[in-house]
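Peer 1: Have a peek at coords.cif (mmCIF, C-alpha atoms).
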data_model
loop_
_atom_site.label_atom_id
_atom_site.label_comp_id
_atom_site.auth_asym_id
_atom_site.auth_seq_id
_atom_site.Cartn_x
_atom_site.Cartn_y
_atom_site.Cartn_z
CA MET A 1 47.87 -9.65 -26.35
CA ASN A 2 49.45 -7.42 -23.73
CA GLU A 3 48.05 -5.72 -20.61
CA ARG A 4 47.58 -2.40 -22.38
CA THR A 5 45.58 -3.73 -25.32
CA LEU A 6 43.47 -5.79 -22.93
CA LEU A 7 42.72 -2.66 -20.93
CA LEU A 8 41.88 -0.80 -24.14
CA LEU A 9 39.52 -3.60 -25.08
CA TYR A 10 37.67 -3.36 -21.74
CA ARG A 11 37.52 0.42 -21.96
CA SER A 12 36.25 0.32 -25.54
CA VAL A 13 32.94 -1.29 -24.54
CA ASP A 14 31.99 1.50 -22.11
CA GLU A 15 33.71 4.66 -23.33
CA GLU A 16 34.84 6.29 -26.51
CA LEU A 17 38.55 5.80 -27.07
CA SER A 18 40.71 8.50 -28.61
CA ARG A 19 41.54 8.17 -32.32
CA THR A 20 45.05 6.83 -31.62
CA GLU A 21 43.76 4.38 -28.99
CA GLN A 22 41.08 3.17 -31.41
CA GLU A 23 43.70 2.58 -34.10
CA GLU A 24 45.94 0.79 -31.63
CA LEU A 25 43.10 -1.50 -30.56
CA LEU A 26 42.01 -2.21 -34.15
CA ASN A 27 45.57 -3.11 -35.12
CA ALA A 28 45.90 -5.34 -32.07
CA LEU A 29 42.58 -7.05 -32.85
CA ALA A 30 43.63 -7.60 -36.46
CA SER A 31 46.90 -9.20 -35.46
CA SER A 32 45.87 -11.16 -32.35
CA PRO A 33 43.34 -14.01 -32.56
CA GLU A 34 43.66 -14.27 -28.77
CA LEU A 35 42.45 -10.68 -28.33
CA ARG A 36 39.58 -11.30 -30.74
CA GLU A 37 38.60 -14.31 -28.67
CA GLU A 38 38.79 -12.17 -25.55
CA GLN A 39 36.54 -9.55 -27.14
CA LYS A 40 34.03 -12.26 -28.01
CA ARG A 41 34.09 -13.56 -24.41
CA LEU A 42 33.67 -10.07 -23.00
CA HIS A 43 30.57 -9.40 -25.08
CA GLN A 44 29.25 -12.87 -24.29
CA MET A 45 29.79 -12.29 -20.56
CA ARG A 46 27.97 -8.95 -20.67
CA ARG A 47 25.02 -10.55 -22.44
CA LEU A 48 25.02 -13.41 -19.94
CA VAL A 49 24.95 -11.05 -16.93
CA GLN A 50 22.19 -8.96 -18.48
CA SER A 51 20.04 -11.94 -19.42
CA GLN A 52 20.23 -13.63 -16.02
CA ALA A 53 18.85 -10.79 -13.91
CA VAL A 54 16.03 -11.69 -11.50
CA ARG A 55 13.32 -9.16 -12.37
CA SER A 56 10.59 -9.84 -9.84
CA PHE A 57 10.08 -10.16 -6.12
CA LYS A 58 7.93 -12.89 -4.59
CA PRO A 59 4.30 -13.05 -5.85
CA PHE A 60 1.84 -10.32 -4.78
CA PHE A 61 4.65 -7.86 -4.07
CA SER A 62 2.62 -4.76 -4.98
CA ALA A 63 -0.30 -5.88 -2.79
CA ARG A 64 2.11 -6.36 0.14
CA VAL A 65 3.56 -2.86 -0.34
CA VAL A 66 0.10 -1.28 -0.44
CA HIS A 67 -1.03 -3.30 2.60
CA HIS A 68 2.08 -2.22 4.53
CA ILE A 69 1.44 1.46 3.74
CA GLN A 70 -2.24 1.24 4.65
CA ALA A 71 -1.48 -0.62 7.91
CA ALA A 72 1.15 2.01 8.85
CA SER A 73 -1.23 4.93 8.15
CA GLN A 74 -3.99 3.11 10.12
CA GLU A 75 -1.61 2.91 13.11
CA VAL A 76 -1.02 6.68 12.93
CA GLU A 77 -4.76 7.32 12.68
CA ASP A 78 -5.38 5.03 15.66
CA PHE A 79 -2.80 6.94 17.70
CA TRP A 80 -4.48 10.31 16.98
CA ALA A 81 -7.94 8.87 17.67
CA ALA A 82 -6.69 7.53 21.04
CA LEU A 83 -5.15 10.92 21.83
CA VAL A 84 -8.38 12.80 20.99
CA TRP A 85 -10.43 10.29 23.05
CA SER A 86 -8.10 10.70 26.08
CA PHE A 87 -8.28 14.48 25.75
CA ARG A 88 -12.09 14.32 25.67
CA LEU A 89 -12.12 12.40 28.95
CA VAL A 90 -9.76 14.93 30.56
CA ALA A 91 -11.85 17.86 29.26
CA VAL A 92 -15.14 16.40 30.59
CA SER A 93 -13.56 15.64 34.00
CA ALA A 94 -12.06 19.14 34.24
CA GLY A 95 -15.41 20.74 33.28
CA THR A 96 -17.29 18.71 35.93
CA LEU A 97 -14.74 19.67 38.59
CA LEU A 98 -15.05 23.34 37.66
CA VAL A 99 -18.86 23.28 37.93
CA MET A 100 -18.63 21.54 41.32
CA LEU A 101 -16.14 24.11 42.56
CA LEU A 102 -18.29 27.04 41.44
CA ALA A 103 -21.40 25.48 43.05
CA ASN A 104 -19.51 24.96 46.28
CA ASN A 105 -18.37 28.63 46.28
CA LEU A 106 -21.93 29.76 45.63
CA LEU A 107 -23.33 27.69 48.51
CA GLU A 108 -20.63 28.87 50.93
CA ALA A 109 -20.97 32.58 50.07
CA LYS A 110 -24.82 32.47 50.06
CA SER A 111 -25.00 35.42 47.66
CA LEU A 112 -25.35 35.68 43.90
CA SER A 113 -22.36 37.82 42.93
CA ILE A 114 -19.56 36.96 40.52
CA ASP A 115 -17.02 37.58 43.29
CA SER A 116 -18.64 35.07 45.58
CA ILE A 117 -18.96 32.44 42.82
CA LEU A 118 -15.30 32.88 41.94
CA ALA A 119 -14.41 32.99 45.66
CA LEU A 120 -12.71 36.38 45.38
CA PRO A 121 -11.93 37.84 48.84
CA GLN A 122 -14.43 40.51 50.08
CA PRO A 123 -12.76 43.85 51.15
CA THR A 124 -12.90 44.56 54.88
CA LEU A 125 -14.29 47.84 56.33
CA GLU A 126 -10.75 49.06 57.03
CA GLN A 127 -9.70 48.44 53.43
CA THR A 128 -12.76 50.31 52.10
CA TRP A 129 -12.03 53.27 54.46
CA ALA A 130 -8.36 53.31 53.40
CA LEU A 131 -9.35 53.37 49.74
CA ASP A 132 -11.82 56.22 50.36
CA THR A 133 -9.18 58.37 52.10
CA LEU A 134 -6.74 57.67 49.32
CA GLU A 135 -9.24 58.88 46.70
CA GLU A 136 -10.05 62.01 48.72
CA GLY A 137 -6.35 62.85 49.14
CA SER A 138 -5.68 62.65 45.42
CA MET B 1 -10.76 2.60 -27.33
CA LYS B 2 -9.64 3.41 -23.81
CA LYS B 3 -6.31 5.25 -23.72
CA GLU B 4 -3.69 3.93 -21.29
CA ALA B 5 -2.91 6.46 -18.57
CA THR B 6 0.68 7.70 -18.46
CA ASP B 7 3.07 7.66 -15.48
CA ASP B 8 2.34 11.36 -14.89
CA GLU B 9 -1.37 10.63 -14.72
CA HIS B 10 -0.89 7.72 -12.29
CA LEU B 11 1.51 9.81 -10.23
CA ARG B 12 -0.95 12.70 -10.06
CA ARG B 13 -3.70 10.33 -8.92
CA ALA B 14 -1.41 8.60 -6.43
CA LYS B 15 -0.44 12.00 -4.99
CA ALA B 16 -4.15 12.69 -4.52
CA GLY B 17 -4.44 9.49 -2.44
CA ASP B 18 -5.52 6.95 -5.09
CA MET B 19 -3.92 3.70 -3.88
CA ALA B 20 -4.90 1.83 -7.05
CA ALA B 21 -2.82 4.30 -9.09
CA PHE B 22 0.09 3.87 -6.66
CA GLU B 23 -0.19 0.07 -6.91
CA HIS B 24 -0.10 0.39 -10.70
CA LEU B 25 3.23 2.27 -10.41
CA VAL B 26 4.59 -0.39 -8.03
CA LYS B 27 3.66 -3.14 -10.50
CA LYS B 28 5.19 -1.24 -13.41
CA TYR B 29 8.52 -0.52 -11.70
CA GLU B 30 8.83 -3.77 -9.73
CA PRO B 31 11.03 -5.44 -12.43
CA GLN B 32 13.45 -2.52 -12.48
CA VAL B 33 13.70 -2.24 -8.69
CA ALA B 34 13.89 -6.04 -8.29
CA ALA B 35 16.76 -6.31 -10.81
CA THR B 36 18.69 -3.61 -8.92
CA VAL B 37 18.05 -4.84 -5.40
CA ILE B 38 18.41 -8.57 -6.14
CA GLY B 39 21.50 -7.81 -8.25
CA MET B 40 23.01 -6.04 -5.25
CA LEU B 41 21.88 -8.36 -2.44
CA GLY B 42 21.01 -11.66 -4.11
CA PRO B 43 17.53 -13.24 -3.93
CA CYS B 44 17.03 -13.25 -0.15
CA GLN B 45 14.48 -12.01 2.39
CA ALA B 46 16.53 -8.83 2.91
CA ALA B 47 16.15 -8.04 -0.82
CA GLU B 48 12.36 -8.35 -0.50
CA ASP B 49 12.41 -6.05 2.53
CA VAL B 50 14.62 -3.49 0.77
CA GLY B 51 12.34 -3.66 -2.30
CA GLN B 52 9.35 -2.82 -0.09
CA GLU B 53 11.32 -0.08 1.64
CA VAL B 54 12.07 1.50 -1.76
CA PHE B 55 8.38 1.88 -2.61
CA ILE B 56 7.42 2.90 0.93
CA ARG B 57 10.05 5.66 0.83
CA PHE B 58 8.77 6.68 -2.59
CA TYR B 59 5.22 6.86 -1.19
CA LYS B 60 6.41 8.94 1.77
CA TYR B 61 8.26 11.49 -0.38
CA MET B 62 6.02 11.28 -3.44
CA GLN B 63 4.58 14.77 -2.85
CA SER B 64 8.03 16.33 -3.16
CA PHE B 65 8.99 14.29 -6.27
CA ARG B 66 9.59 16.65 -9.17
CA GLU B 67 9.19 15.25 -12.66
CA ASP B 68 12.56 16.64 -13.78
CA SER B 69 14.03 13.12 -13.55
CA ALA B 70 12.43 9.93 -14.84
CA LEU B 71 10.51 7.98 -12.22
CA GLY B 72 12.45 4.81 -13.03
CA THR B 73 15.79 6.54 -12.45
CA TYR B 74 14.48 8.08 -9.21
CA LEU B 75 13.41 4.63 -7.94
CA THR B 76 16.70 3.06 -9.05
CA ARG B 77 18.57 5.70 -7.07
CA ILE B 78 16.54 4.88 -3.94
CA ALA B 79 17.02 1.15 -4.62
CA ILE B 80 20.79 1.37 -4.99
CA ASN B 81 21.18 3.57 -1.88
CA SER B 82 18.94 1.30 0.20
CA SER B 83 20.89 -1.76 -1.01
CA LEU B 84 24.22 -0.15 -0.15
CA ASN B 85 22.82 0.68 3.33
CA GLU B 86 21.76 -2.94 3.74
CA LEU B 87 25.27 -4.11 2.77
CA ARG B 88 26.78 -1.70 5.35
CA LYS B 89 24.40 -3.13 7.93
CA ARG B 90 25.55 -6.65 7.03
CA LYS B 91 29.17 -5.56 7.38
CA ARG B 92 28.48 -4.21 10.88
CA TRP B 93 26.60 -7.42 11.70
CA ARG B 94 29.60 -9.51 10.61
CA PHE B 95 31.89 -7.29 12.68
CA PHE B 96 29.86 -7.74 15.87
CA PHE B 97 28.87 -11.38 15.42
CA ARG B 98 32.18 -12.82 14.38
CA SER B 99 32.85 -15.86 16.52
CA SER B 100 36.15 -16.36 18.37
CA ASP B 101 37.57 -18.72 15.73
CA ASN B 102 36.93 -16.01 13.08
CA ASN B 103 34.07 -17.86 11.43
CA GLU B 104 31.62 -15.28 10.16
CA VAL B 105 27.97 -15.72 11.05
CA SER B 106 25.73 -14.49 8.26
CA GLU B 107 22.60 -12.48 9.04
CA PRO B 108 19.51 -14.77 8.72
CA ALA B 109 17.76 -12.40 6.27
CA SER B 110 20.73 -12.55 3.90
CA HIS B 111 20.50 -16.30 3.21
CA PRO B 112 19.87 -16.74 -0.53
CA ASP B 113 16.51 -18.17 -1.49
CA GLU B 114 17.76 -20.78 -3.98
CA ALA B 115 14.22 -21.41 -5.24
CA ARG B 116 14.15 -17.92 -6.78
CA TYR B 117 16.73 -18.88 -9.43
CA ALA B 118 15.16 -19.94 -12.70
CA ASN B 119 18.17 -22.07 -13.63
CA GLU B 120 21.72 -23.02 -12.70
CA THR B 121 23.27 -20.33 -14.93
CA GLN B 122 21.26 -17.63 -13.16
CA ARG B 123 22.48 -18.90 -9.78
CA LEU B 124 26.12 -18.90 -10.94
CA VAL B 125 25.89 -15.41 -12.44
CA HIS B 126 24.38 -14.05 -9.22
CA GLN B 127 26.98 -15.81 -7.09
CA ALA B 128 29.71 -14.25 -9.25
CA ILE B 129 28.19 -10.75 -8.84
CA GLN B 130 27.90 -11.27 -5.07
CA LYS B 131 31.65 -11.96 -4.93
CA LEU B 132 32.37 -8.40 -6.09
CA ALA B 133 32.85 -5.58 -3.59
CA PRO B 134 29.68 -3.41 -3.25
CA GLU B 135 31.16 -0.47 -5.20
CA PHE B 136 31.98 -2.76 -8.17
CA ARG B 137 28.66 -4.55 -7.86
CA ALA B 138 26.77 -1.24 -8.07
CA VAL B 139 28.33 -0.27 -11.41
CA ILE B 140 27.77 -3.75 -12.86
CA VAL B 141 24.11 -3.72 -11.81
CA LEU B 142 23.45 -0.24 -13.18
CA ARG B 143 25.46 -0.54 -16.40
CA LEU B 144 25.10 -4.19 -17.39
CA ILE B 145 21.80 -5.23 -15.81
CA GLU B 146 19.79 -1.99 -15.89
CA GLY B 147 21.47 -0.72 -19.06
CA TYR B 148 22.15 2.83 -17.88
CA SER B 149 24.85 4.76 -19.72
CA THR B 150 28.12 5.39 -17.91
CA GLU B 151 27.13 9.07 -17.43
CA GLU B 152 23.77 8.07 -15.91
CA THR B 153 25.51 5.51 -13.69
CA ALA B 154 27.88 8.23 -12.45
CA LYS B 155 24.93 10.51 -11.69
CA ILE B 156 22.95 7.82 -9.84
CA LEU B 157 25.95 6.83 -7.73
CA ASN B 158 27.09 10.44 -7.36
CA ILE B 159 30.67 9.62 -8.34
CA PRO B 160 32.90 10.93 -11.15
CA LEU B 161 32.60 9.37 -14.61
CA GLY B 162 36.25 8.31 -14.51
CA THR B 163 35.61 6.32 -11.34
CA VAL B 164 32.66 4.54 -12.99
CA LEU B 165 34.79 3.62 -16.00
CA SER B 166 37.69 2.28 -13.96
CA ARG B 167 35.35 0.34 -11.63
CA LEU B 168 33.53 -1.12 -14.64
CA SER B 169 36.75 -2.23 -16.25
CA ARG B 170 38.04 -3.87 -13.05
CA ALA B 171 34.67 -5.40 -12.19
CA GLN B 172 34.37 -6.99 -15.64
CA GLN B 173 37.86 -8.43 -15.42
CA LYS B 174 36.95 -10.02 -12.08
CA LEU B 175 33.59 -11.26 -13.36
CA LYS B 176 35.28 -12.78 -16.37
CA VAL B 177 37.47 -14.89 -14.06
CA TYR B 178 34.42 -16.16 -12.13
CA LEU B 179 32.27 -16.74 -15.19
CA MET B 180 34.89 -17.93 -17.69
CA PRO B 181 33.79 -21.60 -17.72
CA TYR B 182 30.16 -20.64 -18.46
CA VAL B 183 31.10 -18.02 -21.05
CA GLN B 184 33.25 -20.61 -22.88
CA GLU B 185 30.36 -23.08 -22.76
CA GLU B 186 28.08 -20.48 -24.33
CA ILE B 187 30.65 -19.72 -27.09
#
What is this file in structure tokens?

Peer 2:
Amino acid sequence: MNERTLLLLYRSVDEELSRTEQEELLNALASSPELREEQKRLHQMRRLVQSQAVRSFKPFFSARVVHHIQAASQEVEDFWAALVWSFRLVAVSAGTLLVMLLANNLLEAKSLSIDSILALPQPTLEQTWALDTLEEGS
Amino acid sequence: MKKEATDDEHLRRAKAGDMAAFEHLVKKYEPQVAATVIGMLGPCQAAEDVGQEVFIRFYKYMQSFREDSALGTYLTRIAINSSLNELRKRKRWRFFFRSSDNNEVSEPASHPDEARYANETQRLVHQAIQKLAPEFRAVIVLRLIEGYSTEETAKILNIPLGTVLSRLSRAQQKLKVYLMPYVQEEI
């Protein structure tokens, strides 16, 4: 049993050898009881590795996965709900402030025009005269 | 007689938000994912965490999963990549937490849970696999434990077929050295 035939033996279990390599391995197997023993051990080892796999996690694994996913999505939902709730508070406060501001403008101006409610500046007599002359000139 | 729903049916229902259908898929593919992850990391807390991560990632990207590859292969690919990431993390951990006298400190989550082994042979086989470098371990897990063909193994690991074959050959020679006494006992 030499290094090359040993390598051929290992390769033979996972890939297709060429015709000459196959013949070489068969001849070596026929003439070497050591190589035949090695082949037996190799197959035995592969079976041993395959049969001893651990094929389960701890009990209730699937329930834990589902719980984890549901808890994570609940956290996201909670975050959005908190954001919407905060925004509602801000919107109500801003609306109240706006109403108070408009009422204040209305009380100060003592007239019921949009300009006075929005506190837009009233044109002076000079500005009105200047506008009139401008229109006449054009 | 009630007909058993197929994977496609469960997947379609899970995509529509049916958690019972998703849980059914988790139960069905747990053995396959467990064999991959525990084969790569050993039976430890980190393996449990990676196993959960595999299914959580699957849930997250389930909508974009196309049925052009088998679900089992898709999950195995996630499992092997997540396990390799975990092993990289452990390597970094060992690099940063090496004590002055060069004694390595192992990450707490990587301590093997000895109670998970059904028998002594199982413990020895897993210890032998854990002695292999991650790239050799990956081919052994996919080819010998999961039973994928060498072509499928190459596709899952995204490496050339020739590399898979040479890694398999070298990994088996190393495993044989570690497991020789038990193989002889079995013979």

Peer 1: Using only C-alpha atoms, find each residue in chain B having at least one atom no more than 8 Å away from chain A; report its shortest atom-to-atom pair and that distance in Å (one decimal), rows by chain then rising number, as JSON lines.

Peer 2:
{"residue": "B:Met19", "atom": "CA", "partner": "A:Val66", "partner_atom": "CA", "distance": 7.3}
{"residue": "B:Glu23", "atom": "CA", "partner": "A:Ser62", "partner_atom": "CA", "distance": 5.9}
{"residue": "B:Val26", "atom": "CA", "partner": "A:Ser62", "partner_atom": "CA", "distance": 5.7}
{"residue": "B:Lys27", "atom": "CA", "partner": "A:Ser62", "partner_atom": "CA", "distance": 5.8}
{"residue": "B:Glu30", "atom": "CA", "partner": "A:Ser56", "partner_atom": "CA", "distance": 6.3}
{"residue": "B:Pro31", "atom": "CA", "partner": "A:Arg55", "partner_atom": "CA", "distance": 4.4}
{"residue": "B:Gln32", "atom": "CA", "partner": "A:Arg55", "partner_atom": "CA", "distance": 6.6}
{"residue": "B:Val33", "atom": "CA", "partner": "A:Arg55", "partner_atom": "CA", "distance": 7.8}
{"residue": "B:Ala34", "atom": "CA", "partner": "A:Arg55", "partner_atom": "CA", "distance": 5.2}
{"residue": "B:Ala35", "atom": "CA", "partner": "A:Arg55", "partner_atom": "CA", "distance": 4.7}
{"residue": "B:Ile38", "atom": "CA", "partner": "A:Val54", "partner_atom": "CA", "distance": 6.6}
{"residue": "B:Gly39", "atom": "CA", "partner": "A:Ala53", "partner_atom": "CA", "distance": 6.9}
{"residue": "B:Pro43", "atom": "CA", "partner": "A:Val54", "partner_atom": "CA", "distance": 7.9}
{"residue": "B:Glu48", "atom": "CA", "partner": "A:Phe57", "partner_atom": "CA", "distance": 6.3}
{"residue": "B:Gly51", "atom": "CA", "partner": "A:Phe57", "partner_atom": "CA", "distance": 7.9}
{"residue": "B:Gln52", "atom": "CA", "partner": "A:Val65", "partner_atom": "CA", "distance": 5.8}
{"residue": "B:Phe55", "atom": "CA", "partner": "A:Val65", "partner_atom": "CA", "distance": 7.1}
{"residue": "B:Ile56", "atom": "CA", "partner": "A:Ile69", "partner_atom": "CA", "distance": 6.8}
{"residue": "B:Tyr117", "atom": "CA", "partner": "A:Val54", "partner_atom": "CA", "distance": 7.5}
{"residue": "B:Thr121", "atom": "CA", "partner": "A:Gln52", "partner_atom": "CA", "distance": 7.4}
{"residue": "B:Gln122", "atom": "CA", "partner": "A:Gln52", "partner_atom": "CA", "distance": 5.0}
{"residue": "B:Val125", "atom": "CA", "partner": "A:Val49", "partner_atom": "CA", "distance": 6.3}
{"residue": "B:His126", "atom": "CA", "partner": "A:Ala53", "partner_atom": "CA", "distance": 8.0}
{"residue": "B:Leu144", "atom": "CA", "partner": "A:Gln50", "partner_atom": "CA", "distance": 5.7}
{"residue": "B:Ile145", "atom": "CA", "partner": "A:Gln50", "partner_atom": "CA", "distance": 4.6}
{"residue": "B:Glu146", "atom": "CA", "partner": "A:Gln50", "partner_atom": "CA", "distance": 7.8}
{"residue": "B:Thr150", "atom": "CA", "partner": "A:Asp14", "partner_atom": "CA", "distance": 6.9}
{"residue": "B:Leu165", "atom": "CA", "partner": "A:Asp14", "partner_atom": "CA", "distance": 7.0}
{"residue": "B:Ser169", "atom": "CA", "partner": "A:Tyr10", "partner_atom": "CA", "distance": 5.7}
{"residue": "B:Gln172", "atom": "CA", "partner": "A:Tyr10", "partner_atom": "CA", "distance": 7.8}
{"residue": "B:Lys176", "atom": "CA", "partner": "A:Met45", "partner_atom": "CA", "distance": 6.9}
{"residue": "B:Leu179", "atom": "CA", "partner": "A:Met45", "partner_atom": "CA", "distance": 7.4}
{"residue": "B:Val183", "atom": "CA", "partner": "A:Met45", "partner_atom": "CA", "distance": 5.9}
{"residue": "B:Gln184", "atom": "CA", "partner": "A:Arg41", "partner_atom": "CA", "distance": 7.3}
{"residue": "B:Glu186", "atom": "CA", "partner": "A:Gln44", "partner_atom": "CA", "distance": 7.7}
{"residue": "B:Ile187", "atom": "CA", "partner": "A:Gln44", "partner_atom": "CA", "distance": 7.5}

Peer 1: Record the distance separating atom CA of Arg92 of chain B and atom CA of Met40 of chain B, expressed in Å with one decimal.

Peer 2: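 So the answer is 17.1 Å.
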
Peer 1: If the box runs along x, y and z of the file and leaves 5 Å on each side of segment 129-138 of chain B, what are its centre and edge lengths in Å, one decimal, as JSON?

Peer 2:
{"center_x": 29.8, "center_y": -6.2, "center_z": -6.0, "size_x": 16.1, "size_y": 21.5, "size_z": 15.6}

Peer 1: Calculate how many Å separate atom CA of Glu86 of chain B from atom CA of Cys44 of chain B, rounding to one decimal.

Peer 2: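 Calculated distance between atom CA of Glu86 of chain B and atom CA of Cys44 of chain B is 12.0 Å.
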
Peer 1: Given only C-alpha atoms as the basis, pick out the residue of B:Leu11, B:Tyr29, B:Asp18, B:Ile80 nearest to Ser64 of chain B.

Peer 2: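 That would be B:Leu11, the residue with the smallest distance to Ser64 of chain B.
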
Peer 1: My list of candidates is B:His10, B:Lys60, B:Lys131, B:Arg143. Which is closest to Val177 of chain B when distances are computed with only C-alpha atoms?

Peer 2: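 Nearest candidate to Val177 of chain B out of B:His10, B:Lys60, B:Lys131, B:Arg143: B:Lys131.
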
Peer 1: Hey, which of A:Ser18, A:Leu35, A:Pro59, A:Leu131 ends up closest to Arg116 of chain B? Count all atoms listed in the file.

Peer 2: A:Pro59

Peer 1: I'd like the interatomic distance between atom CA of Leu168 of chain B and atom CA of Val139 of chain B, to a tenth of an Å.

Peer 2: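 Value for the atom CA of Leu168 of chain B-atom CA of Val139 of chain B distance: 6.2 Å.
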